[in-house]
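Worksheet: the structure to be examined is printed underneath.
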Amino acid sequence: MTAQDRQFDPGRNRHLAGYRTLGGVPDELLDQDGNIRPVWRPFLDHFSALSDKDLARRFARGDQYLRDAGVFFRQYGAEGSTEREWPLARIPVLVEEAEWNSISAGLRQRADLLEAMVADLYGPNRLVANGHLPANLIAGSREWLRPMVNVVPRGGHFLHFLAFEIGRGPDGTWWVLGDRTQAPSGSGFALENRVATSRIYSDFFADSHVFRLAEFFRSFRDALHGLTDGPGARPAILTPGPLNDTYFEHAYIARYLGILLLEGEDLLVENGEVMVRTVDGLRPISVLWRRLDASFADPLELNPDSRLGTAGLVSAIRQGNVTMMNALGSGVLETRALMAFMPRIAPELLSAPLMMPNIATWWCGQPAEREHVASNRHRMMIGSAHSTRLPYESEETTVLGGNFRSLADEAVRNWLVSDGANLVGQEAVTLSTTPAYENGKLVPRPLSLRVFLARTGTGWQVMPGGFARIGQGPDANAIAMQRGGTVADVWVVSNGPVNTASVQSTPQRPYVRTRPTVLPSRSADNLFWLGRYTERAEGMMRLLRAYHVRKAESSTAGAALPASLEDFMKFSGIDPDDPVPTGLLHTINGAITSARNVRYQFSTDGWLALTDLENTARRFSKTLVPGDDTARAMWVLLRKITGFAGLVQENMYRFTGWRFLSIGRSLERAIAACNTLAVFTEPDAPDGSLDLAVELGDSVMTYRRRFSVFTSRDTVVDLLALDTRNPRSILYQLTEVRDQAAYLPNASVNDQMSQLSRAILEAHTSLAIQIPETLDADALYDIRSDFEGISDLIGETYLK
């Protein structure tokens, strides 16, 4: 019986009115007798009591959280990829605890089956030898990695973190639509869905007995640490990098679990050991949670064109020196055609039938199955047997049965015969529907659930929830986000109170402070340049403000701007005729890129401040005109960038990464001050140049307080170059560099100063003994060269 045939009274809830005209009642709402499922009734009653205005306000609150947190997905099209807002469906999917327990039992069994299959495929290979799997199906898969044959994983398990795509038919039966064993994504997004949705329904969620997700992640985090080489050792996530469509999730999970986020270039294999390049030298790592496809992990033994992996990683795995989660080669289990054989393999390997069936599948490399697909082609999805994507995710590999109606039966049969070994037929999916809020009404939309499993010390643990994919219309093939689908939180509802503990473990007694984590050299490099780029952008803004203030004044008074100012702007990479120059936008973008590369070490507030700065600058670039308008805009940008600097200074933990950021900022400020003083304190500098130097050095108030009578070269140089109490002076910045560098690893070895420490001390001493009279342009340029040399030494010592 379908939902349209059930008896239903929409009068209970004004949002439910009109279901029949919109295609029937969502299947998820009703049981087999046509009554509202008990698990849904409290939520529907709460939802019904909300006014349209209240709903709009609540939805906006959830959407604002996602924007503030920087949650996005990457939309791919003919012209490349773009970042799009996270498409949250504001109505959660509710599942009763008893039903979820049944789902969990079926998926745990399937996880055990997949573990047994992959262990056999890369081990004794009895499934192929005994005829349970066709050899050419396995050998023809791109995910079948021959170098991993007979490689037994360190710890004994191939699979540690899995996801299953499941769907319910209108008759209430749950099926597995796809297995995710390669590098399952979505668990971090599930967390963000939960936070956003719970904010929308904050007054209802707290007392609704919805299982929390934190315990699942805490158990998995503990399992990760349990696989390391002992106290002090840390696991890490191995990510393809910021250009990957799920990089946000990688950074979010790393920050949430308190583990490292590494890219392939952060790693080095030395004597069979996997090492992390850190600012303190090479450090071993023994557990990697892999989030990149296996073939890219090692260009030496797998894909030679990969720039994402680490040469020698397969060798380290082979020697048992690192645990890879999941094992390289496990992606072969995602092969779509394998579903045709799993119902028969389960009794062979588990001595029991599948508790949860998968979508009906026929591999067309066998005569009887090929004939069945051909005879039933109008209700089939036919596609690549080796595809690892779900049917509705892959247009290029799946043809829906309806598209065969224009073909003769013989043409379809000939296609299946000629290429049958590479084709698979699957029964067209008819998914159950769930409520979605569209245009002021709840409407039925097809859904699938992605459910996550993690191997812990007690076996497979199922996340009590996950995320649901919701179709944008009645068509189940429009369920993927790339095709306009949305995602929803999944609430598993208990009959009684649930554990509300956070991801933090119970602290040990007595309390012992943990040591700071290691800092990869690449992260230090990005933090160092983040400091330089933000300071450089601030200097450009001050220069632009000064220029356009004077431009507005000169146009009023009919005077000309000093040529030295325009020349200095061009030297600084600024086009005087452009209100928001490309050079400034590129510099801000450099800061954004550096911050994105260390996103997991960055606070949400800091990230928001930077992205707000970039968005404002780009908006100004399209609307401003030179003169007073641009000067006022620079005031706005300066307030935003100094706000970011304040967040970093006040809120960022003083770990080694903060020191690199601070050193980069101080070096950039000092170099800019050298350039400014060398140009604007020359004896032949135009009138007003000294005042301009003080303004660019953001020291106008200080100068007036100390030197209230007149402006002279000596007083300006003393304040901006030599005054150790002025945080804008060159000597103050060099003192900061010296103090922070003293905390860096190996600043001294056996009481002997490092080359970097000596270079900083020499530069500091050389500047400290100067007086204004001796600091002419040549001397200032020499000091600038010292700073550039210090920057180079930092790169050579720590950042390569």
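Residue numbers start at 1 in each chain; chains themselves are named A, B, ... in the order of the structure tokens; ligands are numbered from 1 in the order shown.
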Select from stretch 103-151 of chain A every residue with an atom at most 12 Å from any atom of stretch 440-459 of chain A, then for each give the shortest pair of atoms and their distance in Å to one decimal, using only C-alpha atoms, rows by chain and rising number, as CSV.
residue,atom,partner,partner_atom,distance
A:Ile103,CA,A:Val451,CA,9.4
A:Ser104,CA,A:Val451,CA,8.8
A:Ala105,CA,A:Leu453,CA,11.1
A:Gly106,CA,A:Val451,CA,11.5
A:Leu107,CA,A:Leu453,CA,8.1
A:Arg108,CA,A:Leu453,CA,7.7
A:Gln109,CA,A:Gly459,CA,11.1
A:Arg110,CA,A:Leu453,CA,10.6
A:Ala111,CA,A:Leu453,CA,8.1
A:Asp112,CA,A:Gly459,CA,9.8
A:Glu115,CA,A:Arg455,CA,11.0
For the residues selected in the previous step, produce a file with N, CA and C atoms as a compact mmCIF listing (two decimals), in the first residue's frame.
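Produced file result-v7.txt, reproduced below:
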# COMPACT_ATOMS: atom_id res chain seq x y z
N ILE A 103 18.37 -1.68 12.05
CA ILE A 103 19.26 -1.21 10.97
C ILE A 103 20.71 -1.44 11.36
N SER A 104 21.05 -1.10 12.60
CA SER A 104 22.43 -1.23 13.06
C SER A 104 22.92 -2.67 13.02
N ALA A 105 22.06 -3.59 13.44
CA ALA A 105 22.45 -4.99 13.43
C ALA A 105 22.75 -5.46 12.00
N GLY A 106 21.90 -5.07 11.06
CA GLY A 106 22.13 -5.46 9.68
C GLY A 106 23.41 -4.87 9.11
N LEU A 107 23.72 -3.64 9.46
CA LEU A 107 24.92 -2.99 8.93
C LEU A 107 26.18 -3.52 9.60
N ARG A 108 26.12 -3.86 10.88
CA ARG A 108 27.28 -4.48 11.52
C ARG A 108 27.62 -5.80 10.85
N GLN A 109 26.58 -6.57 10.54
CA GLN A 109 26.83 -7.84 9.86
C GLN A 109 27.45 -7.59 8.49
N ARG A 110 26.95 -6.58 7.79
CA ARG A 110 27.50 -6.29 6.46
C ARG A 110 28.96 -5.81 6.57
N ALA A 111 29.27 -5.05 7.62
CA ALA A 111 30.64 -4.62 7.82
C ALA A 111 31.55 -5.82 8.03
N ASP A 112 31.08 -6.80 8.80
CA ASP A 112 31.87 -8.02 8.99
C ASP A 112 32.06 -8.76 7.67
N GLU A 115 34.72 -6.94 5.62
CA GLU A 115 36.05 -7.22 6.17
C GLU A 115 36.53 -8.60 5.73
Picked from stretch 150-381 of chain A by DSSP as strand (DSSP E or B), as a PyMOL selection string: chain A and resi 161-168+174-180+210+236-238+260-262+267-270+273-278+281-284+287-290+323-325+358+361-363+380-381
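Atom CA of A:Leu423 lies 23.1 Å from atom CA of A:Asn125.
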Residues of stretch 579-643 of chain A that have any atom at most 12 Å from an atom of stretch 250-262 of chain A: could you tabulate them with the shortest-distance atom pair and the distance in Å to one decimal, using only C-alpha atoms, ordered by chain and increasing number, as a tab-separated table?
residue	atom	partner	partner_atom	distance
A:Ala595	CA	A:Ala251	CA	11.6
A:Arg596	CA	A:Ala251	CA	9.3
A:Asn597	CA	A:Ala251	CA	9.2
A:Val598	CA	A:Ala251	CA	8.1
A:Arg599	CA	A:Ala251	CA	6.0
A:Tyr600	CA	A:Ala251	CA	4.5
A:Gln601	CA	A:Arg255	CA	6.9
A:Phe602	CA	A:Arg255	CA	8.8
A:Ser603	CA	A:Arg255	CA	9.5
A:Thr604	CA	A:Tyr252	CA	10.4
Set out as JSON lines a contact list for stretch 73-140 of chain A and stretch 211-223 of chain A with a cut-off of 12 Å, giving each residue of stretch 73-140 of chain A that qualifies its closest atom pair and distance in Å to one decimal, counting only C-alpha atoms, ordered by chain and rising residue number.
{"residue": "A:Leu94", "atom": "CA", "partner": "A:Phe211", "partner_atom": "CA", "distance": 11.1}
{"residue": "A:Val95", "atom": "CA", "partner": "A:Phe211", "partner_atom": "CA", "distance": 10.6}
{"residue": "A:Glu96", "atom": "CA", "partner": "A:Phe211", "partner_atom": "CA", "distance": 10.5}
{"residue": "A:Glu97", "atom": "CA", "partner": "A:Phe211", "partner_atom": "CA", "distance": 8.8}
{"residue": "A:Trp100", "atom": "CA", "partner": "A:Phe211", "partner_atom": "CA", "distance": 10.9}
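For the set A:Thr500, A:Thr310, A:Ser729, A:Ser666, the residue with the smallest atom-to-atom gap to A:Val694 is A:Ser729, counting only C-alpha atoms.
Rounded to one decimal, atom CA of A:Gly178 and atom CA of A:Leu390 lie 6.2 Å from each other.
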Which residues are near A:Pro497? Cut-off 9 Å, only C-alpha atoms, ignore same chain within fewer than 6 positions. Put them as an MDAnalysis selection string. chainID A and resid 207:211
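For the pair atom CA of A:Tyr201 and atom CA of A:Phe72, the separation is 21.8 Å.
Residue nearest A:Asp605, chosen from A:Glu695, A:Glu650, A:Glu736, A:Glu85 and counting only C-alpha atoms: A:Glu650.
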Could you pull out all residues of stretch 522-744 of chain A with a DSSP call of helix (DSSP H, G or I) and give them as a VMD selection string? chain A and resid 522 to 557 563 to 571 582 to 597 599 to 601 604 to 621 628 to 651 656 to 680 689 to 696 700 to 706 713 to 722 730 to 741
I'd like the neighbourhood of A:Gly281 as a count of residues only, where a residue qualifies if any of its atoms comes within 9 Å (using only C-alpha atoms), though same-chain residues fewer than 4 positions away should be ignored. 5
Within 9 Å of stretch 541-545 of chain A, counting only C-alpha atoms, which residues show up once you throw out same-chain ones fewer than 5 positions away? Write them as a PyMOL selection string, please. chain A and resi 536+550+565+569+574+576+579-580+584+627-628+630-635+637-638+695-698
Would you export the selected residues with N, CA, C and O atoms as an mmCIF file, in the first residue's frame, please?
data_model
loop_
_atom_site.group_PDB
_atom_site.id
_atom_site.type_symbol
_atom_site.label_atom_id
_atom_site.label_comp_id
_atom_site.auth_asym_id
_atom_site.auth_seq_id
_atom_site.Cartn_x
_atom_site.Cartn_y
_atom_site.Cartn_z
ATOM 1 N N ARG A 536 50.929 42.972 5.335
ATOM 2 C CA ARG A 536 51.142 43.651 4.049
ATOM 3 C C ARG A 536 49.847 44.298 3.571
ATOM 4 O O ARG A 536 49.846 45.435 3.076
ATOM 5 N N ARG A 550 44.459 62.631 0.492
ATOM 6 C CA ARG A 550 45.180 63.742 -0.128
ATOM 7 C C ARG A 550 44.651 64.028 -1.521
ATOM 8 O O ARG A 550 44.638 65.190 -1.967
ATOM 9 N N LEU A 565 54.747 60.056 -3.596
ATOM 10 C CA LEU A 565 53.690 59.205 -3.059
ATOM 11 C C LEU A 565 53.204 58.226 -4.112
ATOM 12 O O LEU A 565 53.036 57.028 -3.835
ATOM 13 N N MET A 569 53.636 54.121 -4.101
ATOM 14 C CA MET A 569 52.516 53.202 -4.245
ATOM 15 C C MET A 569 52.801 52.156 -5.321
ATOM 16 O O MET A 569 52.554 50.972 -5.135
ATOM 17 N N ILE A 574 50.802 48.849 -5.839
ATOM 18 C CA ILE A 574 49.468 49.449 -5.793
ATOM 19 C C ILE A 574 49.298 50.389 -6.978
ATOM 20 O O ILE A 574 50.145 51.266 -7.202
ATOM 21 N N PRO A 576 47.744 53.516 -8.319
ATOM 22 C CA PRO A 576 47.094 54.695 -7.724
ATOM 23 C C PRO A 576 45.730 55.013 -8.325
ATOM 24 O O PRO A 576 44.903 55.642 -7.665
ATOM 25 N N PRO A 579 40.787 52.259 -7.065
ATOM 26 C CA PRO A 579 40.383 52.426 -5.656
ATOM 27 C C PRO A 579 40.703 51.211 -4.787
ATOM 28 O O PRO A 579 41.152 51.350 -3.655
ATOM 29 N N VAL A 580 40.420 50.011 -5.287
ATOM 30 C CA VAL A 580 40.790 48.781 -4.574
ATOM 31 C C VAL A 580 41.664 47.971 -5.524
ATOM 32 O O VAL A 580 41.171 47.157 -6.302
ATOM 33 N N LEU A 584 46.071 44.604 -3.790
ATOM 34 C CA LEU A 584 45.487 44.441 -2.463
ATOM 35 C C LEU A 584 44.604 43.205 -2.410
ATOM 36 O O LEU A 584 44.657 42.418 -1.452
ATOM 37 N N GLY A 627 39.205 59.026 -4.362
ATOM 38 C CA GLY A 627 39.006 60.193 -3.526
ATOM 39 C C GLY A 627 38.402 59.850 -2.184
ATOM 40 O O GLY A 627 38.721 58.807 -1.580
ATOM 41 N N ASP A 628 37.518 60.693 -1.713
ATOM 42 C CA ASP A 628 36.975 60.562 -0.368
ATOM 43 C C ASP A 628 36.222 59.251 -0.174
ATOM 44 O O ASP A 628 36.273 58.641 0.894
ATOM 45 N N THR A 630 36.833 56.308 -1.501
ATOM 46 C CA THR A 630 37.789 55.231 -1.264
ATOM 47 C C THR A 630 38.464 55.378 0.093
ATOM 48 O O THR A 630 38.710 54.379 0.781
ATOM 49 N N ALA A 631 38.767 56.621 0.491
ATOM 50 C CA ALA A 631 39.388 56.831 1.797
ATOM 51 C C ALA A 631 38.499 56.285 2.916
ATOM 52 O O ALA A 631 38.980 55.617 3.847
ATOM 53 N N ARG A 632 37.201 56.559 2.831
ATOM 54 C CA ARG A 632 36.286 56.044 3.857
ATOM 55 C C ARG A 632 36.215 54.521 3.814
ATOM 56 O O ARG A 632 36.115 53.864 4.852
ATOM 57 N N ALA A 633 36.271 53.944 2.610
ATOM 58 C CA ALA A 633 36.239 52.482 2.483
ATOM 59 C C ALA A 633 37.465 51.859 3.137
ATOM 60 O O ALA A 633 37.386 50.785 3.755
ATOM 61 N N MET A 634 38.622 52.525 3.000
ATOM 62 C CA MET A 634 39.831 51.993 3.626
ATOM 63 C C MET A 634 39.723 52.014 5.148
ATOM 64 O O MET A 634 40.271 51.152 5.830
ATOM 65 N N TRP A 635 39.010 52.998 5.703
ATOM 66 C CA TRP A 635 38.742 52.989 7.134
ATOM 67 C C TRP A 635 38.012 51.705 7.521
ATOM 68 O O TRP A 635 38.333 51.061 8.526
ATOM 69 N N LEU A 637 37.935 48.775 5.907
ATOM 70 C CA LEU A 637 38.805 47.606 5.774
ATOM 71 C C LEU A 637 39.846 47.555 6.880
ATOM 72 O O LEU A 637 40.188 46.472 7.379
ATOM 73 N N LEU A 638 40.365 48.706 7.266
ATOM 74 C CA LEU A 638 41.348 48.736 8.349
ATOM 75 C C LEU A 638 40.738 48.262 9.665
ATOM 76 O O LEU A 638 41.386 47.536 10.438
ATOM 77 N N GLU A 695 51.929 58.989 9.646
ATOM 78 C CA GLU A 695 50.581 58.467 9.408
ATOM 79 C C GLU A 695 50.622 57.017 8.952
ATOM 80 O O GLU A 695 49.851 56.173 9.428
ATOM 81 N N LEU A 696 51.524 56.705 8.005
ATOM 82 C CA LEU A 696 51.629 55.332 7.524
ATOM 83 C C LEU A 696 52.101 54.391 8.624
ATOM 84 O O LEU A 696 51.768 53.201 8.621
ATOM 85 N N GLY A 697 52.849 54.939 9.578
ATOM 86 C CA GLY A 697 53.297 54.139 10.715
ATOM 87 C C GLY A 697 52.293 54.075 11.841
ATOM 88 O O GLY A 697 52.598 53.532 12.916
ATOM 89 N N ASP A 698 51.085 54.581 11.620
ATOM 90 C CA ASP A 698 49.998 54.534 12.597
ATOM 91 C C ASP A 698 50.460 55.055 13.960
ATOM 92 O O ASP A 698 50.160 54.480 15.007
#
Residue neighbourhood A:Pro26, 6 Å, only C-alpha atoms, exclusion window fewer than 2 positions, as a ChimeraX atom specification: /A:28-29,433-435,444
Preceding selection exported with N, CA, C and O atoms as a tab-separated table (two decimals), in the first residue's frame:
chain	number	residue	atom	x	y	z
A	28	GLU	N	7.55	8.17	5.33
A	28	GLU	CA	8.20	8.11	6.63
A	28	GLU	C	7.28	8.52	7.76
A	28	GLU	O	7.51	8.17	8.91
A	29	LEU	N	6.22	9.28	7.45
A	29	LEU	CA	5.32	9.75	8.50
A	29	LEU	C	4.36	8.68	8.99
A	29	LEU	O	3.93	8.71	10.14
A	433	THR	N	9.50	8.42	0.98
A	433	THR	CA	9.56	9.87	1.01
A	433	THR	C	9.49	10.38	2.45
A	433	THR	O	8.95	9.72	3.33
A	434	THR	N	10.06	11.56	2.64
A	434	THR	CA	10.08	12.20	3.95
A	434	THR	C	9.60	13.63	3.79
A	434	THR	O	9.65	14.18	2.68
A	435	PRO	N	9.12	14.28	4.85
A	435	PRO	CA	8.66	15.66	4.70
A	435	PRO	C	9.82	16.62	4.40
A	435	PRO	O	10.88	16.55	5.02
A	444	PRO	N	6.24	15.71	0.18
A	444	PRO	CA	6.99	14.45	0.22
A	444	PRO	C	8.16	14.46	-0.77
A	444	PRO	O	7.99	14.81	-1.94
Show which residues sit within 7 Å of A:Tyr533, as a PyMOL selection string. Count only C-alpha atoms, and ignore same-chain residues fewer than 3 positions away. chain A and resi 529-530+536-537+587-588+590-591
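Taking only C-alpha atoms into account, A:Asn376 lies nearest to A:Gly425 out of the set A:Pro347, A:Ile730, A:Gly425, A:Ala741.
Using only C-alpha atoms, the shortest contact distance between A:Glu273 and any of A:Leu302, A:Leu238, A:Ala316, A:Leu349 is found at A:Ala316.
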Could you check the closest approach to A:Trp491 for each of A:Leu647, A:Leu30, A:Leu610, A:Val93 and tell me which residue wins, using only C-alpha atoms? A:Val93
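Among the candidate residues A:Gly664, A:Gly606, A:Pro772, A:Gly140, the one lying nearest to A:Arg713 is A:Pro772, with distances computed using only C-alpha atoms.
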